[in-house]
file data.txt (compact mmCIF, N, CA and C atoms)
# COMPACT_ATOMS: atom_id res chain seq x y z
N MET A 1 92.75 105.65 97.85
CA MET A 1 93.93 104.80 97.73
C MET A 1 93.64 103.48 98.44
N THR A 2 93.90 102.38 97.78
CA THR A 2 93.76 101.08 98.42
C THR A 2 95.08 100.69 99.07
N SER A 3 95.02 99.73 99.94
CA SER A 3 96.22 99.33 100.66
C SER A 3 96.56 97.88 100.39
N ILE A 4 97.83 97.58 100.53
CA ILE A 4 98.32 96.22 100.48
C ILE A 4 98.49 95.79 101.93
N GLY A 5 97.73 94.81 102.36
CA GLY A 5 97.81 94.34 103.74
C GLY A 5 99.01 93.43 103.93
N ILE A 6 99.49 93.36 105.15
CA ILE A 6 100.67 92.55 105.45
C ILE A 6 100.40 91.67 106.67
N LYS A 7 100.79 90.41 106.55
CA LYS A 7 100.78 89.50 107.70
C LYS A 7 102.20 89.04 107.90
N ALA A 8 102.68 89.09 109.14
CA ALA A 8 104.05 88.70 109.44
C ALA A 8 104.10 87.29 110.01
N ARG A 9 105.14 86.56 109.62
CA ARG A 9 105.43 85.25 110.19
C ARG A 9 106.95 85.10 110.21
N HIS A 10 107.44 84.09 110.92
CA HIS A 10 108.88 83.91 111.04
C HIS A 10 109.29 82.49 110.65
N ILE A 11 110.39 82.41 109.94
CA ILE A 11 111.04 81.13 109.63
C ILE A 11 112.43 81.25 110.23
N GLY A 12 112.62 80.65 111.38
CA GLY A 12 113.88 80.83 112.10
C GLY A 12 114.06 82.29 112.45
N ASN A 13 115.19 82.87 112.03
CA ASN A 13 115.44 84.28 112.32
C ASN A 13 115.10 85.19 111.13
N ILE A 14 114.28 84.69 110.22
CA ILE A 14 113.88 85.47 109.05
C ILE A 14 112.41 85.86 109.20
N SER A 15 112.13 87.14 109.05
CA SER A 15 110.75 87.64 109.09
C SER A 15 110.20 87.63 107.68
N VAL A 16 109.09 86.93 107.48
CA VAL A 16 108.43 86.87 106.18
C VAL A 16 107.17 87.71 106.28
N LEU A 17 107.07 88.69 105.40
CA LEU A 17 105.88 89.54 105.35
C LEU A 17 105.09 89.14 104.11
N ASP A 18 103.94 88.48 104.34
CA ASP A 18 103.06 88.06 103.25
C ASP A 18 102.11 89.21 102.94
N MET A 19 102.10 89.66 101.69
CA MET A 19 101.32 90.83 101.30
C MET A 19 100.20 90.44 100.36
N ALA A 20 99.09 91.19 100.45
CA ALA A 20 97.96 90.96 99.55
C ALA A 20 97.24 92.27 99.33
N GLY A 21 96.83 92.52 98.09
CA GLY A 21 96.09 93.74 97.75
C GLY A 21 96.83 94.50 96.67
N ASN A 22 96.43 95.74 96.44
CA ASN A 22 97.04 96.59 95.43
C ASN A 22 97.12 98.02 95.96
N GLY A 23 98.15 98.74 95.54
CA GLY A 23 98.28 100.15 95.92
C GLY A 23 99.46 100.40 96.81
N ARG A 24 99.23 101.03 97.94
CA ARG A 24 100.30 101.36 98.88
C ARG A 24 100.40 100.27 99.93
N ILE A 25 101.60 99.93 100.31
CA ILE A 25 101.82 98.85 101.26
C ILE A 25 101.66 99.36 102.69
N SER A 26 100.81 98.69 103.46
CA SER A 26 100.62 99.07 104.86
C SER A 26 100.10 97.89 105.66
N LEU A 27 100.44 97.89 106.95
CA LEU A 27 99.90 96.89 107.85
C LEU A 27 98.54 97.36 108.33
N ARG A 28 97.57 96.48 108.37
CA ARG A 28 96.25 96.86 108.85
C ARG A 28 96.02 96.31 110.24
N PHE A 29 95.63 97.20 111.16
CA PHE A 29 95.26 96.81 112.51
C PHE A 29 93.88 97.39 112.77
N GLY A 30 92.85 96.59 112.54
CA GLY A 30 91.49 97.09 112.69
C GLY A 30 91.25 98.22 111.71
N ALA A 31 90.90 99.40 112.22
CA ALA A 31 90.62 100.55 111.35
C ALA A 31 91.88 101.34 111.02
N SER A 32 92.98 101.08 111.69
CA SER A 32 94.19 101.86 111.44
C SER A 32 95.21 101.06 110.64
N THR A 33 96.15 101.77 110.03
CA THR A 33 97.18 101.12 109.24
C THR A 33 98.55 101.65 109.63
N VAL A 34 99.56 100.86 109.38
CA VAL A 34 100.95 101.25 109.62
C VAL A 34 101.68 101.06 108.30
N SER A 35 102.46 102.04 107.89
CA SER A 35 103.18 101.96 106.61
C SER A 35 104.26 100.89 106.65
N LEU A 36 104.65 100.42 105.48
CA LEU A 36 105.71 99.43 105.39
C LEU A 36 107.00 99.93 106.05
N PRO A 37 107.44 101.18 105.78
CA PRO A 37 108.66 101.64 106.45
C PRO A 37 108.57 101.58 107.97
N ARG A 38 107.41 101.92 108.52
CA ARG A 38 107.24 101.87 109.98
C ARG A 38 107.25 100.42 110.47
N ALA A 39 106.61 99.53 109.72
CA ALA A 39 106.62 98.12 110.08
C ALA A 39 108.04 97.56 110.06
N ILE A 40 108.81 97.97 109.06
CA ILE A 40 110.21 97.53 108.95
C ILE A 40 111.02 98.06 110.13
N GLU A 41 110.82 99.33 110.47
CA GLU A 41 111.52 99.91 111.62
C GLU A 41 111.20 99.13 112.89
N SER A 42 109.95 98.75 113.05
CA SER A 42 109.54 97.98 114.22
C SER A 42 110.24 96.62 114.26
N LEU A 43 110.32 95.96 113.10
CA LEU A 43 111.05 94.69 113.04
C LEU A 43 112.52 94.88 113.42
N LEU A 44 113.14 95.93 112.88
CA LEU A 44 114.54 96.20 113.17
C LEU A 44 114.76 96.48 114.65
N GLU A 45 113.84 97.25 115.25
CA GLU A 45 113.94 97.58 116.67
C GLU A 45 113.86 96.33 117.54
N SER A 46 113.14 95.32 117.06
CA SER A 46 113.02 94.09 117.83
C SER A 46 114.07 93.05 117.44
N GLY A 47 115.08 93.48 116.67
CA GLY A 47 116.20 92.60 116.33
C GLY A 47 116.01 91.74 115.10
N HIS A 48 114.96 91.97 114.33
CA HIS A 48 114.71 91.20 113.11
C HIS A 48 115.23 91.99 111.91
N ASP A 49 116.40 91.60 111.38
CA ASP A 49 117.00 92.35 110.28
C ASP A 49 117.12 91.54 108.99
N ARG A 50 116.51 90.36 108.97
CA ARG A 50 116.45 89.54 107.76
C ARG A 50 114.98 89.48 107.36
N ILE A 51 114.65 90.19 106.28
CA ILE A 51 113.24 90.38 105.94
C ILE A 51 112.98 89.93 104.51
N LEU A 52 111.94 89.12 104.36
CA LEU A 52 111.54 88.60 103.06
C LEU A 52 110.11 89.09 102.79
N LEU A 53 109.94 89.84 101.72
CA LEU A 53 108.63 90.37 101.35
C LEU A 53 108.02 89.47 100.30
N ASN A 54 106.96 88.75 100.67
CA ASN A 54 106.27 87.84 99.77
C ASN A 54 105.16 88.60 99.05
N LEU A 55 105.35 88.83 97.76
CA LEU A 55 104.42 89.63 96.96
C LEU A 55 103.54 88.78 96.05
N ALA A 56 103.37 87.51 96.38
CA ALA A 56 102.61 86.58 95.53
C ALA A 56 101.18 87.06 95.27
N ARG A 57 100.56 87.72 96.22
CA ARG A 57 99.16 88.14 96.07
C ARG A 57 99.03 89.63 95.76
N VAL A 58 100.10 90.22 95.23
CA VAL A 58 100.09 91.64 94.86
C VAL A 58 100.27 91.75 93.35
N GLU A 59 99.35 92.41 92.68
CA GLU A 59 99.46 92.58 91.23
C GLU A 59 99.97 93.96 90.86
N TYR A 60 99.79 94.93 91.72
CA TYR A 60 100.14 96.31 91.38
C TYR A 60 100.59 97.05 92.63
N ILE A 61 101.62 97.84 92.49
CA ILE A 61 102.08 98.74 93.55
C ILE A 61 102.12 100.13 92.96
N ASP A 62 101.51 101.11 93.63
CA ASP A 62 101.54 102.47 93.11
C ASP A 62 102.88 103.13 93.43
N ALA A 63 103.05 104.37 92.99
CA ALA A 63 104.33 105.08 93.16
C ALA A 63 104.70 105.21 94.64
N ALA A 64 103.71 105.48 95.48
CA ALA A 64 103.99 105.59 96.91
C ALA A 64 104.46 104.25 97.47
N GLY A 65 103.85 103.16 97.01
CA GLY A 65 104.26 101.84 97.45
C GLY A 65 105.68 101.50 97.02
N LEU A 66 106.04 101.88 95.79
CA LEU A 66 107.42 101.68 95.31
C LEU A 66 108.39 102.49 96.16
N GLY A 67 107.99 103.70 96.49
CA GLY A 67 108.82 104.54 97.37
C GLY A 67 109.02 103.89 98.73
N ASP A 68 107.96 103.28 99.25
CA ASP A 68 108.06 102.58 100.53
C ASP A 68 109.02 101.40 100.44
N LEU A 69 108.99 100.68 99.33
CA LEU A 69 109.92 99.56 99.15
C LEU A 69 111.37 100.04 99.17
N VAL A 70 111.63 101.10 98.41
CA VAL A 70 113.00 101.63 98.32
C VAL A 70 113.45 102.18 99.66
N SER A 71 112.59 102.92 100.32
CA SER A 71 112.93 103.48 101.62
C SER A 71 113.20 102.38 102.64
N SER A 72 112.42 101.31 102.58
CA SER A 72 112.63 100.18 103.48
C SER A 72 113.95 99.49 103.19
N GLN A 73 114.27 99.35 101.92
CA GLN A 73 115.55 98.74 101.51
C GLN A 73 116.72 99.55 102.08
N ILE A 74 116.65 100.85 101.95
CA ILE A 74 117.73 101.71 102.45
C ILE A 74 117.86 101.58 103.96
N THR A 75 116.75 101.63 104.67
CA THR A 75 116.76 101.54 106.13
C THR A 75 117.36 100.22 106.60
N VAL A 76 116.93 99.12 106.00
CA VAL A 76 117.42 97.80 106.40
C VAL A 76 118.91 97.67 106.10
N ASN A 77 119.34 98.12 104.93
CA ASN A 77 120.77 98.06 104.59
C ASN A 77 121.61 98.89 105.54
N GLN A 78 121.12 100.07 105.93
CA GLN A 78 121.87 100.93 106.85
C GLN A 78 122.03 100.28 108.22
N LYS A 79 121.10 99.42 108.59
CA LYS A 79 121.16 98.73 109.88
C LYS A 79 121.90 97.41 109.78
N GLY A 80 122.47 97.13 108.60
CA GLY A 80 123.24 95.91 108.41
C GLY A 80 122.40 94.68 108.11
N GLY A 81 121.13 94.89 107.81
CA GLY A 81 120.24 93.77 107.51
C GLY A 81 120.07 93.56 106.02
N ARG A 82 119.16 92.66 105.69
CA ARG A 82 118.88 92.32 104.30
C ARG A 82 117.37 92.27 104.10
N ILE A 83 116.93 92.80 102.97
CA ILE A 83 115.53 92.70 102.59
C ILE A 83 115.49 92.13 101.18
N LYS A 84 114.65 91.12 100.97
CA LYS A 84 114.57 90.44 99.67
C LYS A 84 113.11 90.31 99.28
N LEU A 85 112.87 90.16 97.99
CA LEU A 85 111.51 90.04 97.46
C LEU A 85 111.26 88.63 96.97
N LEU A 86 110.00 88.20 97.11
CA LEU A 86 109.62 86.84 96.74
C LEU A 86 108.33 86.88 95.93
N ASN A 87 108.28 86.02 94.90
CA ASN A 87 107.05 85.77 94.13
C ASN A 87 106.46 87.00 93.44
N LEU A 88 107.25 87.64 92.62
CA LEU A 88 106.72 88.75 91.82
C LEU A 88 105.91 88.18 90.66
N GLY A 89 104.66 88.61 90.54
CA GLY A 89 103.85 88.22 89.39
C GLY A 89 104.31 88.98 88.16
N ASP A 90 103.75 88.63 87.01
CA ASP A 90 104.17 89.24 85.74
C ASP A 90 104.00 90.76 85.74
N LYS A 91 102.85 91.25 86.19
CA LYS A 91 102.61 92.70 86.18
C LYS A 91 103.56 93.42 87.12
N LEU A 92 103.74 92.86 88.30
CA LEU A 92 104.64 93.49 89.27
C LEU A 92 106.08 93.43 88.80
N ARG A 93 106.47 92.32 88.19
CA ARG A 93 107.83 92.19 87.64
C ARG A 93 108.06 93.24 86.55
N LEU A 94 107.05 93.48 85.71
CA LEU A 94 107.16 94.50 84.67
C LEU A 94 107.33 95.90 85.28
N ILE A 95 106.55 96.20 86.30
CA ILE A 95 106.67 97.49 87.00
C ILE A 95 108.07 97.64 87.58
N MET A 96 108.55 96.59 88.24
CA MET A 96 109.87 96.64 88.88
C MET A 96 110.99 96.74 87.84
N THR A 97 110.82 96.10 86.69
CA THR A 97 111.82 96.17 85.63
C THR A 97 111.82 97.54 84.98
N THR A 98 110.62 98.06 84.68
CA THR A 98 110.50 99.37 84.05
C THR A 98 111.10 100.47 84.91
N THR A 99 110.92 100.38 86.21
CA THR A 99 111.44 101.40 87.12
C THR A 99 112.88 101.12 87.54
N LYS A 100 113.48 100.07 86.99
CA LYS A 100 114.86 99.66 87.28
C LYS A 100 115.06 99.18 88.72
N LEU A 101 113.98 98.86 89.42
CA LEU A 101 114.09 98.39 90.79
C LEU A 101 114.52 96.94 90.89
N MET A 102 114.47 96.21 89.78
CA MET A 102 114.95 94.83 89.79
C MET A 102 116.46 94.80 90.05
N THR A 103 117.15 95.89 89.77
CA THR A 103 118.59 95.94 90.02
C THR A 103 118.90 96.31 91.48
N VAL A 104 117.89 96.71 92.22
CA VAL A 104 118.08 97.15 93.60
C VAL A 104 117.79 96.02 94.59
N PHE A 105 116.89 95.13 94.23
CA PHE A 105 116.44 94.07 95.14
C PHE A 105 116.88 92.70 94.66
N GLU A 106 117.12 91.80 95.62
CA GLU A 106 117.29 90.39 95.30
C GLU A 106 115.88 89.82 95.21
N VAL A 107 115.57 89.14 94.10
CA VAL A 107 114.22 88.63 93.86
C VAL A 107 114.28 87.11 93.69
N TYR A 108 113.37 86.41 94.36
CA TYR A 108 113.32 84.95 94.31
C TYR A 108 111.92 84.48 93.95
N ASN A 109 111.84 83.32 93.30
CA ASN A 109 110.56 82.70 92.98
C ASN A 109 110.21 81.58 93.95
N SER A 110 111.16 81.15 94.75
CA SER A 110 110.97 80.05 95.69
C SER A 110 111.28 80.54 97.11
N GLU A 111 110.34 80.30 98.03
CA GLU A 111 110.57 80.71 99.41
C GLU A 111 111.77 80.01 100.01
N SER A 112 111.93 78.73 99.73
CA SER A 112 113.06 77.99 100.31
C SER A 112 114.40 78.53 99.80
N GLU A 113 114.48 78.89 98.51
CA GLU A 113 115.72 79.48 97.98
C GLU A 113 115.98 80.84 98.62
N ALA A 114 114.93 81.63 98.78
CA ALA A 114 115.09 82.95 99.39
C ALA A 114 115.58 82.81 100.83
N VAL A 115 114.98 81.91 101.58
CA VAL A 115 115.39 81.69 102.98
C VAL A 115 116.83 81.22 103.02
N ASP A 116 117.19 80.26 102.17
CA ASP A 116 118.56 79.75 102.12
C ASP A 116 119.56 80.85 101.77
N SER A 117 119.15 81.80 100.94
CA SER A 117 120.08 82.86 100.50
C SER A 117 120.52 83.74 101.67
N PHE A 118 119.70 83.85 102.70
CA PHE A 118 120.11 84.63 103.88
C PHE A 118 121.26 83.95 104.60
N GLU A 119 121.26 82.63 104.60
CA GLU A 119 122.29 81.86 105.30
C GLU A 119 123.61 81.87 104.56
N LYS A 120 123.59 82.12 103.26
CA LYS A 120 124.81 82.10 102.47
C LYS A 120 125.66 83.35 102.67
N GLY A 121 125.12 84.34 103.39
CA GLY A 121 125.89 85.54 103.69
C GLY A 121 126.23 86.36 102.47
N ASN A 122 125.32 86.41 101.51
CA ASN A 122 125.57 87.22 100.32
C ASN A 122 125.79 88.67 100.73
N PRO A 123 126.80 89.34 100.15
CA PRO A 123 127.02 90.75 100.47
C PRO A 123 125.89 91.60 99.91
N PRO A 124 125.68 92.80 100.49
CA PRO A 124 124.64 93.68 99.94
C PRO A 124 124.89 93.98 98.47
N LEU A 125 123.81 94.12 97.73
CA LEU A 125 123.93 94.44 96.31
C LEU A 125 124.52 95.83 96.14
N VAL A 126 125.34 95.99 95.12
CA VAL A 126 125.89 97.30 94.79
C VAL A 126 124.94 97.95 93.77
N PRO A 127 124.46 99.18 94.07
CA PRO A 127 123.57 99.82 93.10
C PRO A 127 124.23 99.96 91.75
N GLU A 128 123.44 99.83 90.68
CA GLU A 128 123.95 99.94 89.30
C GLU A 128 124.70 101.25 89.10
N SER A 129 124.23 102.33 89.73
CA SER A 129 124.87 103.64 89.56
C SER A 129 126.30 103.62 90.09
N ALA A 130 126.55 102.84 91.15
CA ALA A 130 127.90 102.77 91.70
C ALA A 130 128.82 102.02 90.76
N ILE A 131 128.29 101.05 90.04
CA ILE A 131 129.12 100.28 89.09
C ILE A 131 129.50 101.15 87.91
N THR A 132 128.53 101.93 87.37
CA THR A 132 128.84 102.75 86.22
C THR A 132 129.69 103.95 86.57
N ALA A 133 129.69 104.37 87.84
CA ALA A 133 130.48 105.51 88.27
C ALA A 133 131.94 105.13 88.46
N ALA A 134 132.22 103.84 88.67
CA ALA A 134 133.58 103.39 88.97
C ALA A 134 134.47 103.37 87.78
call {"tool": "encode", "arguments": {"input": "data.txt", "output": "structure tokens"}}
result
Amino acid sequence: MTSIGIKARHIGNISVLDMAGNGRISLRFGASTVSLPRAIESLLESGHDRILLNLARVEYIDAAGLGDLVSSQITVNQKGGRIKLLNLGDKLRLIMTTTKLMTVFEVYNSESEAVDSFEKGNPPLVPESAITAA
């Protein structure tokens, strides 16, 4: 299994995770790796609850990686934070559309628009299943 590496940076109070590679998402520290959910938990523990995942250099995410994205979304939402996606390429957009995950995440093509969207106080997205159940 290959890994998607992550580098973290901050724009004000927003944590931007720049990702590169294919497969399962994990942070690389020398020879060891940390999963995306664990990295997200670490950000939350340190008070960073506005998270932007930049996927510009990711062409493919495997099933485990998609699971990590969903699990991270749930964790961040439960803590009152927001997680958004940035720069989905065509292949990744197709994967996210096919799996219906485009309805779960806010997706942006521009970093400045994504950053600005955190300031607008948009309410959390309502899952499609909740809309059809109502």
call {"tool": "select_by_dssp", "arguments": {"input": "data.txt", "residues": "stretch 38-111 of chain A", "states": "alpha helix (DSSP H)", "output": "MDAnalysis selection string"}}
result
chainID A and resid 38:45 63:78 90:98 111
call {"tool": "select_by_dssp", "arguments": {"input": "data.txt", "residues": "stretch 81-120 of chain A", "states": "strand (DSSP E)", "output": "PDB file with N, CA and C atoms, in the coordinates of the input"}}
result
ATOM      1  N   ARG A  82     119.160  92.660 105.690  1.00  0.00           N
ATOM      2  CA  ARG A  82     118.880  92.320 104.300  1.00  0.00           C
ATOM      3  C   ARG A  82     117.370  92.270 104.100  1.00  0.00           C
ATOM      4  N   ILE A  83     116.930  92.800 102.970  1.00  0.00           N
ATOM      5  CA  ILE A  83     115.530  92.700 102.590  1.00  0.00           C
ATOM      6  C   ILE A  83     115.490  92.130 101.180  1.00  0.00           C
ATOM      7  N   LYS A  84     114.650  91.120 100.970  1.00  0.00           N
ATOM      8  CA  LYS A  84     114.570  90.440  99.670  1.00  0.00           C
ATOM      9  C   LYS A  84     113.110  90.310  99.280  1.00  0.00           C
ATOM     10  N   LEU A  85     112.870  90.160  97.990  1.00  0.00           N
ATOM     11  CA  LEU A  85     111.510  90.040  97.460  1.00  0.00           C
ATOM     12  C   LEU A  85     111.260  88.630  96.970  1.00  0.00           C
ATOM     13  N   LEU A  86     110.000  88.200  97.110  1.00  0.00           N
ATOM     14  CA  LEU A  86     109.620  86.840  96.740  1.00  0.00           C
ATOM     15  C   LEU A  86     108.330  86.880  95.930  1.00  0.00           C
ATOM     16  N   GLU A 106     117.120  91.800  95.620  1.00  0.00           N
ATOM     17  CA  GLU A 106     117.290  90.390  95.300  1.00  0.00           C
ATOM     18  C   GLU A 106     115.880  89.820  95.210  1.00  0.00           C
ATOM     19  N   VAL A 107     115.570  89.140  94.100  1.00  0.00           N
ATOM     20  CA  VAL A 107     114.220  88.630  93.860  1.00  0.00           C
ATOM     21  C   VAL A 107     114.280  87.110  93.690  1.00  0.00           C
ATOM     22  N   TYR A 108     113.370  86.410  94.360  1.00  0.00           N
ATOM     23  CA  TYR A 108     113.320  84.950  94.310  1.00  0.00           C
ATOM     24  C   TYR A 108     111.920  84.480  93.950  1.00  0.00           C
TER      25      TYR A 108
END
call {"tool": "closest_residue", "arguments": {"input": "data.txt", "among": "A:Asn13, A:Ser72, A:Asn54, A:Asn109", "to": "A:Leu36", "atoms": "all atoms listed in the file"}}
result
A:Ser72
call {"tool": "atom_distance", "arguments": {"input": "data.txt", "atom1": "atom N of A:Leu55", "atom2": "atom N of A:Met19"}}
result
5.2 Å
